[in-house]
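Shown next: protein38.pdb, given as PDB, C-alpha atoms.
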ATOM      1  CA  ALA G   1     -45.943 -54.357 -97.610
ATOM      2  CA  SER G   2     -42.977 -53.576 -99.779
ATOM      3  CA  LEU G   3     -40.704 -56.222-101.227
ATOM      4  CA  SER G   4     -37.798 -54.771 -99.275
ATOM      5  CA  SER G   5     -39.507 -55.259 -95.874
ATOM      6  CA  PHE G   6     -38.679 -58.941 -95.617
ATOM      7  CA  LYS G   7     -35.512 -60.957 -95.330
ATOM      8  CA  ARG G   8     -36.639 -63.346 -98.069
ATOM      9  CA  LEU G   9     -39.708 -63.695-100.197
ATOM     10  CA  PRO G  10     -40.290 -66.522-102.601
ATOM     11  CA  ASP G  11     -39.362 -65.464-106.085
ATOM     12  CA  THR G  12     -42.467 -63.887-107.552
ATOM     13  CA  THR G  13     -43.705 -63.757-111.129
ATOM     14  CA  ILE G  14     -46.375 -61.216-111.982
ATOM     15  CA  LYS G  15     -48.144 -60.614-115.272
ATOM     16  CA  ILE G  16     -48.683 -57.162-116.697
ATOM     17  CA  PRO G  17     -50.819 -56.568-119.805
ATOM     18  CA  TRP G  18     -49.244 -55.555-123.083
ATOM     19  CA  SER G  19     -51.359 -55.307-126.223
ATOM     20  CA  GLN G  20     -53.269 -58.590-126.606
ATOM     21  CA  ASN G  21     -51.165 -60.548-124.128
ATOM     22  CA  ASP G  22     -49.811 -60.485-120.612
ATOM     23  CA  ARG G  23     -46.049 -60.266-120.157
ATOM     24  CA  LYS G  24     -44.194 -61.790-117.245
ATOM     25  CA  VAL G  25     -42.123 -59.713-114.862
ATOM     26  CA  PHE G  26     -39.847 -61.677-112.535
ATOM     27  CA  LEU G  27     -39.214 -60.290-109.044
ATOM     28  CA  ILE G  28     -36.187 -61.840-107.350
ATOM     29  CA  PRO G  29     -35.574 -60.543-103.811
ATOM     30  CA  SER G  30     -32.222 -59.798-102.239
ATOM     31  CA  ASN G  31     -30.548 -62.363 -99.980
ATOM     32  CA  THR G  32     -29.932 -59.841 -97.201
ATOM     33  CA  LEU G  33     -31.897 -58.587 -94.224
ATOM     34  CA  PHE G  34     -31.859 -55.011 -95.458
ATOM     35  CA  CYS G  35     -32.356 -54.064 -99.094
ATOM     36  CA  ARG G  36     -29.779 -51.708-100.594
ATOM     37  CA  GLY G  37     -31.664 -51.169-103.817
ATOM     38  CA  ASN G  38     -33.223 -52.509-106.976
ATOM     39  CA  ILE G  39     -31.788 -53.660-110.289
ATOM     40  CA  LEU G  40     -33.840 -53.503-113.481
ATOM     41  CA  LEU G  41     -32.150 -56.291-115.472
ATOM     42  CA  LEU G  42     -32.764 -56.256-119.225
ATOM     43  CA  HIS G  43     -31.986 -59.355-121.285
ATOM     44  CA  GLY G  44     -30.883 -59.512-124.900
ATOM     45  CA  TRP G  45     -33.079 -59.747-127.996
ATOM     46  CA  ASN G  46     -34.987 -63.050-127.953
ATOM     47  CA  LEU G  47     -32.840 -64.386-125.103
ATOM     48  CA  ALA G  48     -34.454 -66.083-122.109
ATOM     49  CA  PRO G  49     -35.367 -63.398-119.570
ATOM     50  CA  LEU G  50     -33.713 -65.371-116.764
ATOM     51  CA  GLY G  51     -30.722 -66.441-118.867
ATOM     52  CA  TRP G  52     -28.377 -63.883-117.342
ATOM     53  CA  CYS G  53     -29.206 -65.225-113.872
ATOM     54  CA  GLU G  54     -28.960 -68.856-114.931
ATOM     55  CA  GLN G  55     -25.733 -68.675-116.927
ATOM     56  CA  THR G  56     -23.645 -66.231-114.887
ATOM     57  CA  SER G  57     -22.971 -65.404-111.246
ATOM     58  CA  LEU G  58     -24.232 -61.826-111.565
ATOM     59  CA  CYS G  59     -27.679 -62.261-110.003
ATOM     60  CA  LYS G  60     -26.366 -64.169-107.004
ATOM     61  CA  GLN G  61     -23.697 -61.530-106.448
ATOM     62  CA  LEU G  62     -26.264 -58.736-106.705
ATOM     63  CA  ARG G  63     -28.660 -60.468-104.308
ATOM     64  CA  ASP G  64     -25.873 -61.189-101.847
ATOM     65  CA  ALA G  65     -24.953 -57.490-102.019
ATOM     66  CA  GLY G  66     -28.499 -56.575-100.988
ATOM     67  CA  PHE G  67     -30.284 -55.868-104.258
ATOM     68  CA  ASN G  68     -33.666 -56.988-105.525
ATOM     69  CA  ILE G  69     -33.647 -57.942-109.202
ATOM     70  CA  ILE G  70     -36.564 -57.156-111.495
ATOM     71  CA  ILE G  71     -36.599 -58.793-114.936
ATOM     72  CA  PRO G  72     -39.345 -57.965-117.437
ATOM     73  CA  ASP G  73     -39.848 -60.336-120.354
ATOM     74  CA  MET G  74     -39.153 -57.967-123.250
ATOM     75  CA  GLY G  75     -39.043 -60.748-125.861
ATOM     76  CA  LYS G  76     -37.838 -59.328-129.154
ATOM     77  CA  SER G  77     -38.331 -55.688-128.195
ATOM     78  CA  ILE G  78     -35.930 -53.055-129.517
ATOM     79  CA  TYR G  79     -37.358 -50.476-127.066
ATOM     80  CA  ALA G  80     -38.839 -48.337-129.813
ATOM     81  CA  THR G  81     -41.187 -45.410-129.275
ATOM     82  CA  GLU G  82     -43.759 -46.415-131.900
ATOM     83  CA  ILE G  83     -44.708 -49.108-134.401
ATOM     84  CA  TYR G  84     -44.843 -48.521-138.165
ATOM     85  CA  ASP G  85     -46.777 -49.999-141.082
ATOM     86  CA  GLU G  86     -43.498 -51.543-142.262
ATOM     87  CA  THR G  87     -42.797 -53.211-138.904
ATOM     88  CA  LEU G  88     -42.737 -57.005-139.209
ATOM     89  CA  PRO G  89     -45.828 -58.380-137.376
ATOM     90  CA  THR G  90     -43.789 -60.461-134.931
ATOM     91  CA  MET G  91     -41.763 -57.345-134.073
ATOM     92  CA  ALA G  92     -44.903 -55.215-133.781
ATOM     93  CA  GLN G  93     -46.177 -57.551-131.046
ATOM     94  CA  GLN G  94     -43.210 -56.788-128.790
ATOM     95  CA  PRO G  95     -43.404 -54.232-125.967
ATOM     96  CA  LEU G  96     -42.515 -50.646-126.702
ATOM     97  CA  LYS G  97     -40.262 -48.683-124.391
ATOM     98  CA  SER G  98     -43.303 -46.872-122.962
ATOM     99  CA  TRP G  99     -44.734 -50.142-121.607
ATOM    100  CA  LEU G 100     -41.706 -50.461-119.385
ATOM    101  CA  THR G 101     -41.415 -46.819-118.310
ATOM    102  CA  ASP G 102     -45.112 -45.962-117.941
ATOM    103  CA  THR G 103     -46.810 -49.249-117.057
ATOM    104  CA  VAL G 104     -44.323 -51.677-115.493
ATOM    105  CA  LEU G 105     -42.267 -49.241-113.411
ATOM    106  CA  THR G 106     -45.394 -47.412-112.250
ATOM    107  CA  TYR G 107     -47.089 -50.652-111.232
ATOM    108  CA  LEU G 108     -44.004 -51.918-109.379
ATOM    109  CA  ASN G 109     -43.712 -48.620-107.547
ATOM    110  CA  ASP G 110     -47.386 -48.498-106.589
ATOM    111  CA  SER G 111     -47.861 -52.182-105.730
ATOM    112  CA  PHE G 112     -44.466 -53.260-104.356
ATOM    113  CA  ASN G 113     -42.849 -49.967-103.347
ATOM    114  CA  LEU G 114     -39.998 -50.703-105.754
ATOM    115  CA  PHE G 115     -37.839 -48.087-107.488
ATOM    116  CA  ASN G 116     -38.612 -45.407-104.946
ATOM    117  CA  LYS G 117     -36.147 -42.785-103.785
ATOM    118  CA  GLU G 118     -35.497 -44.512-100.458
ATOM    119  CA  THR G 119     -33.232 -47.040-102.187
ATOM    120  CA  LYS G 120     -30.617 -47.016-104.908
ATOM    121  CA  ASN G 121     -31.936 -48.055-108.309
ATOM    122  CA  PHE G 122     -29.943 -49.226-111.326
ATOM    123  CA  ILE G 123     -30.543 -50.490-114.855
ATOM    124  CA  VAL G 124     -28.287 -53.251-116.145
ATOM    125  CA  GLY G 125     -28.711 -54.423-119.743
ATOM    126  CA  LEU G 126     -26.919 -56.546-122.305
ATOM    127  CA  SER G 127     -27.123 -56.448-126.104
ATOM    128  CA  THR G 128     -30.549 -55.031-127.064
ATOM    129  CA  GLY G 129     -31.207 -54.789-123.326
ATOM    130  CA  ALA G 130     -28.285 -52.352-123.156
ATOM    131  CA  ARG G 131     -30.008 -50.277-125.809
ATOM    132  CA  GLY G 132     -33.113 -50.388-123.631
ATOM    133  CA  ALA G 133     -31.156 -49.444-120.526
ATOM    134  CA  PHE G 134     -29.742 -46.363-122.229
ATOM    135  CA  ALA G 135     -33.156 -45.397-123.633
ATOM    136  CA  ILE G 136     -34.805 -45.653-120.206
ATOM    137  CA  GLY G 137     -31.944 -43.818-118.530
ATOM    138  CA  LEU G 138     -32.476 -40.962-120.984
ATOM    139  CA  ASP G 139     -36.225 -40.909-120.274
ATOM    140  CA  ARG G 140     -36.194 -41.435-116.501
ATOM    141  CA  PRO G 141     -32.953 -40.119-114.988
ATOM    142  CA  ASP G 142     -34.999 -39.107-111.936
ATOM    143  CA  MET G 143     -35.700 -42.748-111.098
ATOM    144  CA  PHE G 144     -32.205 -44.276-111.372
ATOM    145  CA  ASP G 145     -28.787 -43.789-109.811
ATOM    146  CA  GLY G 146     -26.626 -45.505-112.430
ATOM    147  CA  VAL G 147     -26.707 -47.639-115.567
ATOM    148  CA  VAL G 148     -24.637 -50.550-116.867
ATOM    149  CA  VAL G 149     -24.668 -51.345-120.599
ATOM    150  CA  LEU G 150     -22.883 -54.326-122.151
ATOM    151  CA  SER G 151     -22.540 -55.170-125.864
ATOM    152  CA  GLY G 152     -25.194 -52.654-126.864
ATOM    153  CA  ASP G 153     -26.148 -50.783-130.028
ATOM    154  CA  TYR G 154     -27.205 -47.144-129.895
ATOM    155  CA  ASP G 155     -27.040 -45.797-133.463
ATOM    156  CA  GLN G 156     -28.671 -48.000-136.085
ATOM    157  CA  THR G 157     -27.357 -45.824-138.917
ATOM    158  CA  LEU G 158     -23.908 -47.274-138.181
ATOM    159  CA  MET G 159     -25.355 -50.678-139.145
ATOM    160  CA  PRO G 160     -27.596 -49.776-142.127
ATOM    161  CA  ASN G 161     -27.991 -53.394-143.235
ATOM    162  CA  ASP G 162     -28.949 -54.695-139.789
ATOM    163  CA  ASN G 163     -31.904 -57.049-140.186
ATOM    164  CA  LEU G 164     -33.539 -56.289-136.842
ATOM    165  CA  MET G 165     -33.662 -52.566-137.496
ATOM    166  CA  THR G 166     -34.827 -53.074-141.076
ATOM    167  CA  TYR G 167     -37.602 -55.418-139.926
ATOM    168  CA  PHE G 168     -38.773 -52.754-137.506
ATOM    169  CA  PHE G 169     -38.217 -49.374-139.179
ATOM    170  CA  GLY G 170     -38.227 -50.389-142.820
ATOM    171  CA  SER G 171     -35.081 -49.889-144.879
ATOM    172  CA  TYR G 172     -32.659 -47.087-144.065
ATOM    173  CA  GLU G 173     -32.771 -46.018-147.695
ATOM    174  CA  ASP G 174     -36.563 -45.573-147.639
ATOM    175  CA  TYR G 175     -37.025 -44.234-144.111
ATOM    176  CA  PRO G 176     -33.867 -42.373-143.057
ATOM    177  CA  GLU G 177     -35.868 -40.102-140.739
ATOM    178  CA  ARG G 178     -36.873 -43.096-138.597
ATOM    179  CA  TRP G 179     -33.332 -44.393-138.377
ATOM    180  CA  GLN G 180     -32.029 -40.941-137.475
ATOM    181  CA  GLY G 181     -34.929 -39.764-135.321
ATOM    182  CA  GLU G 182     -36.402 -40.377-131.863
ATOM    183  CA  ASP G 183     -35.116 -43.950-131.613
ATOM    184  CA  ASN G 184     -31.541 -43.077-132.488
ATOM    185  CA  LEU G 185     -30.031 -42.940-129.030
ATOM    186  CA  LEU G 186     -26.619 -41.567-129.982
ATOM    187  CA  ARG G 187     -28.294 -38.453-131.393
ATOM    188  CA  LYS G 188     -29.661 -37.767-127.884
ATOM    189  CA  ALA G 189     -26.626 -38.889-125.890
ATOM    190  CA  ASP G 190     -25.571 -35.307-125.096
ATOM    191  CA  LYS G 191     -28.576 -35.194-122.727
ATOM    192  CA  TRP G 192     -27.253 -38.122-120.660
ATOM    193  CA  GLU G 193     -26.673 -37.361-116.977
ATOM    194  CA  LEU G 194     -26.360 -40.615-115.005
ATOM    195  CA  PRO G 195     -23.213 -42.516-113.971
ATOM    196  CA  ILE G 196     -22.646 -45.216-116.583
ATOM    197  CA  TYR G 197     -20.474 -48.292-117.090
ATOM    198  CA  ILE G 198     -19.983 -49.266-120.746
ATOM    199  CA  GLY G 199     -18.615 -52.711-121.583
ATOM    200  CA  HIS G 200     -18.154 -54.290-124.995
ATOM    201  CA  ALA G 201     -15.889 -57.069-126.253
ATOM    202  CA  GLN G 202     -13.851 -56.075-129.288
ATOM    203  CA  ASN G 203     -14.294 -59.502-130.907
ATOM    204  CA  ASP G 204     -18.094 -59.130-130.860
ATOM    205  CA  ASN G 205     -19.346 -60.371-134.247
ATOM    206  CA  VAL G 206     -23.021 -59.607-133.511
ATOM    207  CA  VAL G 207     -22.874 -55.950-132.437
ATOM    208  CA  PRO G 208     -19.697 -54.063-133.421
ATOM    209  CA  TRP G 209     -17.859 -52.783-130.361
ATOM    210  CA  GLN G 210     -17.514 -49.436-132.112
ATOM    211  CA  GLN G 211     -21.141 -48.833-131.057
ATOM    212  CA  SER G 212     -20.009 -48.616-127.438
ATOM    213  CA  ASP G 213     -16.750 -46.854-128.268
ATOM    214  CA  THR G 214     -18.687 -44.156-130.125
ATOM    215  CA  LEU G 215     -21.135 -43.795-127.244
ATOM    216  CA  ASN G 216     -18.237 -43.333-124.847
ATOM    217  CA  LYS G 217     -16.644 -40.657-127.040
ATOM    218  CA  ILE G 218     -19.898 -38.730-127.398
ATOM    219  CA  LEU G 219     -20.488 -38.765-123.640
ATOM    220  CA  LEU G 220     -16.937 -37.606-123.003
ATOM    221  CA  LYS G 221     -17.359 -34.791-125.520
ATOM    222  CA  ALA G 222     -20.659 -33.730-123.938
ATOM    223  CA  GLY G 223     -18.760 -33.434-120.657
ATOM    224  CA  LYS G 224     -21.584 -34.108-118.190
ATOM    225  CA  VAL G 225     -20.536 -37.661-117.306
ATOM    226  CA  ILE G 226     -17.229 -39.502-117.468
ATOM    227  CA  PRO G 227     -18.160 -43.111-118.272
ATOM    228  CA  GLU G 228     -16.365 -46.124-116.888
ATOM    229  CA  THR G 229     -15.456 -48.373-119.816
ATOM    230  CA  HIS G 230     -14.041 -51.800-120.504
ATOM    231  CA  PHE G 231     -13.433 -53.027-124.048
ATOM    232  CA  PRO G 232     -11.553 -56.352-123.724
ATOM    233  CA  LYS G 233     -10.158 -57.997-126.840
ATOM    234  CA  ASN G 234     -10.528 -61.693-126.090
ATOM    235  CA  TYR G 235     -14.314 -62.088-125.860
ATOM    236  CA  GLY G 236     -17.364 -62.112-128.111
ATOM    237  CA  HIS G 237     -21.133 -61.629-127.793
ATOM    238  CA  ASP G 238     -21.992 -64.328-125.273
ATOM    239  CA  TYR G 239     -22.390 -65.233-121.615
ATOM    240  CA  THR G 240     -18.673 -66.006-121.305
ATOM    241  CA  TYR G 241     -17.969 -62.319-121.859
ATOM    242  CA  TRP G 242     -20.951 -61.121-119.825
ATOM    243  CA  GLU G 243     -19.894 -63.304-116.888
ATOM    244  CA  SER G 244     -16.414 -61.774-117.079
ATOM    245  CA  GLU G 245     -18.013 -58.385-116.383
ATOM    246  CA  SER G 246     -19.936 -59.510-113.270
ATOM    247  CA  GLN G 247     -17.385 -58.298-110.736
ATOM    248  CA  ASN G 248     -16.919 -55.004-112.586
ATOM    249  CA  ILE G 249     -20.679 -54.426-112.464
ATOM    250  CA  ILE G 250     -20.842 -55.134-108.735
ATOM    251  CA  THR G 251     -17.886 -52.806-108.087
ATOM    252  CA  PHE G 252     -19.449 -50.007-110.139
ATOM    253  CA  ILE G 253     -22.805 -50.263-108.354
ATOM    254  CA  LYS G 254     -21.321 -50.558-104.869
ATOM    255  CA  LYS G 255     -19.107 -47.551-105.491
ATOM    256  CA  ILE G 256     -22.119 -45.364-106.289
ATOM    257  CA  CYS G 257     -23.941 -46.595-103.171
ATOM    258  CA  ASP G 258     -20.901 -46.141-100.924
ATOM    259  CA  ASN G 259     -20.102 -42.689-102.289
ATOM    260  CA  ASP G 260     -23.616 -41.539-101.468
ATOM    261  CA  ILE G 261     -23.346 -42.915 -97.951
ATOM    262  CA  ILE G 262     -20.067 -41.038 -97.456
ATOM    263  CA  SER G 263     -21.492 -37.806 -98.868
ATOM    264  CA  GLU G 264     -24.475 -37.976 -96.508
ATOM    265  CA  LYS G 265     -22.267 -38.085 -93.413
TER     266      LYS G 265
END
Same coordinates, now as structure tokens:
Amino acid sequence: ASLSSFKRLPDTTIKIPWSQNDRKVFLIPSNTLFCRGNILLLHGWNLAPLGWCEQTSLCKQLRDAGFNIIIPDMGKSIYATEIYDETLPTMAQQPLKSWLTDTVLTYLNDSFNLFNKETKNFIVGLSTGARGAFAIGLDRPDMFDGVVVLSGDYDQTLMPNDNLMTYFFGSYEDYPERWQGEDNLLRKADKWELPIYIGHAQNDNVVPWQQSDTLNKILLKAGKVIPETHFPKNYGHDYTYWESESQNIITFIKKICDNDIISEK
């Protein structure tokens, strides 16, 4: 039976193999009789997978609105396409983007009937999870109906001294082709086709808000999608800011669902 067949299921944790270890995937069912859709929720780099649910009201609001929430433990992943000889061993142990797109989403679809076309499906990510959300939205636009990205980074060449990227790709000076290539999401942003909400606090001292501002400008120039954006000045890179976006996220998602209902009539 599918997860959406029941009014409530106990929260379920499954384990899906990655490399030498299993990774947890948390399945949190909606609080409503009928499921409206599924949210792939992507946490930040090295943040607790359930932290967004525990420290903000977002998950409760999503569940009350009729959405299942699926949270994979991505650890310290940067959602890269491959691992290099220069990749720090602890970084090399983290899941690649393909684990999520090819293994996790396929398993959830086959075993739980999740992320099928009978429901509305969204990706919501913060920080490095926002990077992941954009990467997956580029790869699998057929599977999702909209994407929310908060406080994300999309072009590592704009932060050439960033430790995370250097630990993974090697230095920008030595390996510019890696920094500018397949894993540079801004270079592929003109292919983007899904509705998107971009949020980023201007006082973010971890990821410069210009990352999101630049993404917005590139999408506008490409002309396929007009993003919804919010770049408030009085927040940083933390759950205080991310909580402040909860209602905006709910509004964005509901609007897509309601517009489709109207268009079907």
Running the PyMOL selection byres ((chain G and resi 234-241) around 6) on this model by hand, what would come out? Give it as a PyMOL selection string.
chain G and resi 201+203-204+232-233+242-244
Using only C-alpha atoms, which protein or nucleic acid residues come within 12 Å of G:Glu193? Drop anything in the same chain fewer than 2 positions from it, and give the result as an mmCIF file with C-alpha atoms, in the coordinates of the input.
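Generated file (around.cif):
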data_model
loop_
_atom_site.group_PDB
_atom_site.id
_atom_site.type_symbol
_atom_site.label_atom_id
_atom_site.label_comp_id
_atom_site.auth_asym_id
_atom_site.auth_seq_id
_atom_site.Cartn_x
_atom_site.Cartn_y
_atom_site.Cartn_z
ATOM 1 C CA PHE G 134 -29.742 -46.363 -122.229
ATOM 2 C CA GLY G 137 -31.944 -43.818 -118.530
ATOM 3 C CA LEU G 138 -32.476 -40.962 -120.984
ATOM 4 C CA ASP G 139 -36.225 -40.909 -120.274
ATOM 5 C CA ARG G 140 -36.194 -41.435 -116.501
ATOM 6 C CA PRO G 141 -32.953 -40.119 -114.988
ATOM 7 C CA ASP G 142 -34.999 -39.107 -111.936
ATOM 8 C CA PHE G 144 -32.205 -44.276 -111.372
ATOM 9 C CA ASP G 145 -28.787 -43.789 -109.811
ATOM 10 C CA GLY G 146 -26.626 -45.505 -112.430
ATOM 11 C CA VAL G 147 -26.707 -47.639 -115.567
ATOM 12 C CA LYS G 188 -29.661 -37.767 -127.884
ATOM 13 C CA ALA G 189 -26.626 -38.889 -125.890
ATOM 14 C CA ASP G 190 -25.571 -35.307 -125.096
ATOM 15 C CA LYS G 191 -28.576 -35.194 -122.727
ATOM 16 C CA PRO G 195 -23.213 -42.516 -113.971
ATOM 17 C CA ILE G 196 -22.646 -45.216 -116.583
ATOM 18 C CA LEU G 219 -20.488 -38.765 -123.640
ATOM 19 C CA LEU G 220 -16.937 -37.606 -123.003
ATOM 20 C CA ALA G 222 -20.659 -33.730 -123.938
ATOM 21 C CA GLY G 223 -18.760 -33.434 -120.657
ATOM 22 C CA LYS G 224 -21.584 -34.108 -118.190
ATOM 23 C CA VAL G 225 -20.536 -37.661 -117.306
ATOM 24 C CA ILE G 226 -17.229 -39.502 -117.468
ATOM 25 C CA PRO G 227 -18.160 -43.111 -118.272
#
Name the residues in contact with G:Asp153 at a cut-off of 12 Å, using only C-alpha atoms, excluding same-chain residues fewer than 2 positions from it; report them as a JSON list (two decimals) with C-alpha atoms, keeping the file's coordinate frame.
[["chain", "number", "residue", "atom", "x", "y", "z"],
["G", 44, "GLY", "CA", -30.88, -59.51, -124.90],
["G", 45, "TRP", "CA", -33.08, -59.75, -128.00],
["G", 78, "ILE", "CA", -35.93, -53.06, -129.52],
["G", 79, "TYR", "CA", -37.36, -50.48, -127.07],
["G", 125, "GLY", "CA", -28.71, -54.42, -119.74],
["G", 126, "LEU", "CA", -26.92, -56.55, -122.30],
["G", 127, "SER", "CA", -27.12, -56.45, -126.10],
["G", 128, "THR", "CA", -30.55, -55.03, -127.06],
["G", 129, "GLY", "CA", -31.21, -54.79, -123.33],
["G", 130, "ALA", "CA", -28.28, -52.35, -123.16],
["G", 131, "ARG", "CA", -30.01, -50.28, -125.81],
["G", 132, "GLY", "CA", -33.11, -50.39, -123.63],
["G", 133, "ALA", "CA", -31.16, -49.44, -120.53],
["G", 134, "PHE", "CA", -29.74, -46.36, -122.23],
["G", 135, "ALA", "CA", -33.16, -45.40, -123.63],
["G", 149, "VAL", "CA", -24.67, -51.34, -120.60],
["G", 150, "LEU", "CA", -22.88, -54.33, -122.15],
["G", 151, "SER", "CA", -22.54, -55.17, -125.86],
["G", 155, "ASP", "CA", -27.04, -45.80, -133.46],
["G", 156, "GLN", "CA", -28.67, -48.00, -136.08],
["G", 157, "THR", "CA", -27.36, -45.82, -138.92],
["G", 158, "LEU", "CA", -23.91, -47.27, -138.18],
["G", 159, "MET", "CA", -25.36, -50.68, -139.15],
["G", 162, "ASP", "CA", -28.95, -54.70, -139.79],
["G", 164, "LEU", "CA", -33.54, -56.29, -136.84],
["G", 165, "MET", "CA", -33.66, -52.57, -137.50],
["G", 183, "ASP", "CA", -35.12, -43.95, -131.61],
["G", 184, "ASN", "CA", -31.54, -43.08, -132.49],
["G", 185, "LEU", "CA", -30.03, -42.94, -129.03],
["G", 186, "LEU", "CA", -26.62, -41.57, -129.98],
["G", 198, "ILE", "CA", -19.98, -49.27, -120.75],
["G", 199, "GLY", "CA", -18.61, -52.71, -121.58],
["G", 200, "HIS", "CA", -18.15, -54.29, -125.00],
["G", 204, "ASP", "CA", -18.09, -59.13, -130.86],
["G", 206, "VAL", "CA", -23.02, -59.61, -133.51],
["G", 207, "VAL", "CA", -22.87, -55.95, -132.44],
["G", 208, "PRO", "CA", -19.70, -54.06, -133.42],
["G", 209, "TRP", "CA", -17.86, -52.78, -130.36],
["G", 210, "GLN", "CA", -17.51, -49.44, -132.11],
["G", 211, "GLN", "CA", -21.14, -48.83, -131.06],
["G", 212, "SER", "CA", -20.01, -48.62, -127.44],
["G", 213, "ASP", "CA", -16.75, -46.85, -128.27],
["G", 214, "THR", "CA", -18.69, -44.16, -130.12],
["G", 215, "LEU", "CA", -21.14, -43.80, -127.24]]
Between atom CA of G:Leu47 and atom CA of G:Tyr197, what is the distance, to one decimal in Å?
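These two atoms are separated by 21.8 Å.
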Determine the nearest neighbour of G:Pro72 from the options G:Lys254, G:Lys15, G:Lys217, G:Arg187, counting only C-alpha atoms.
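Result for the nearest residue to G:Pro72: G:Lys15.
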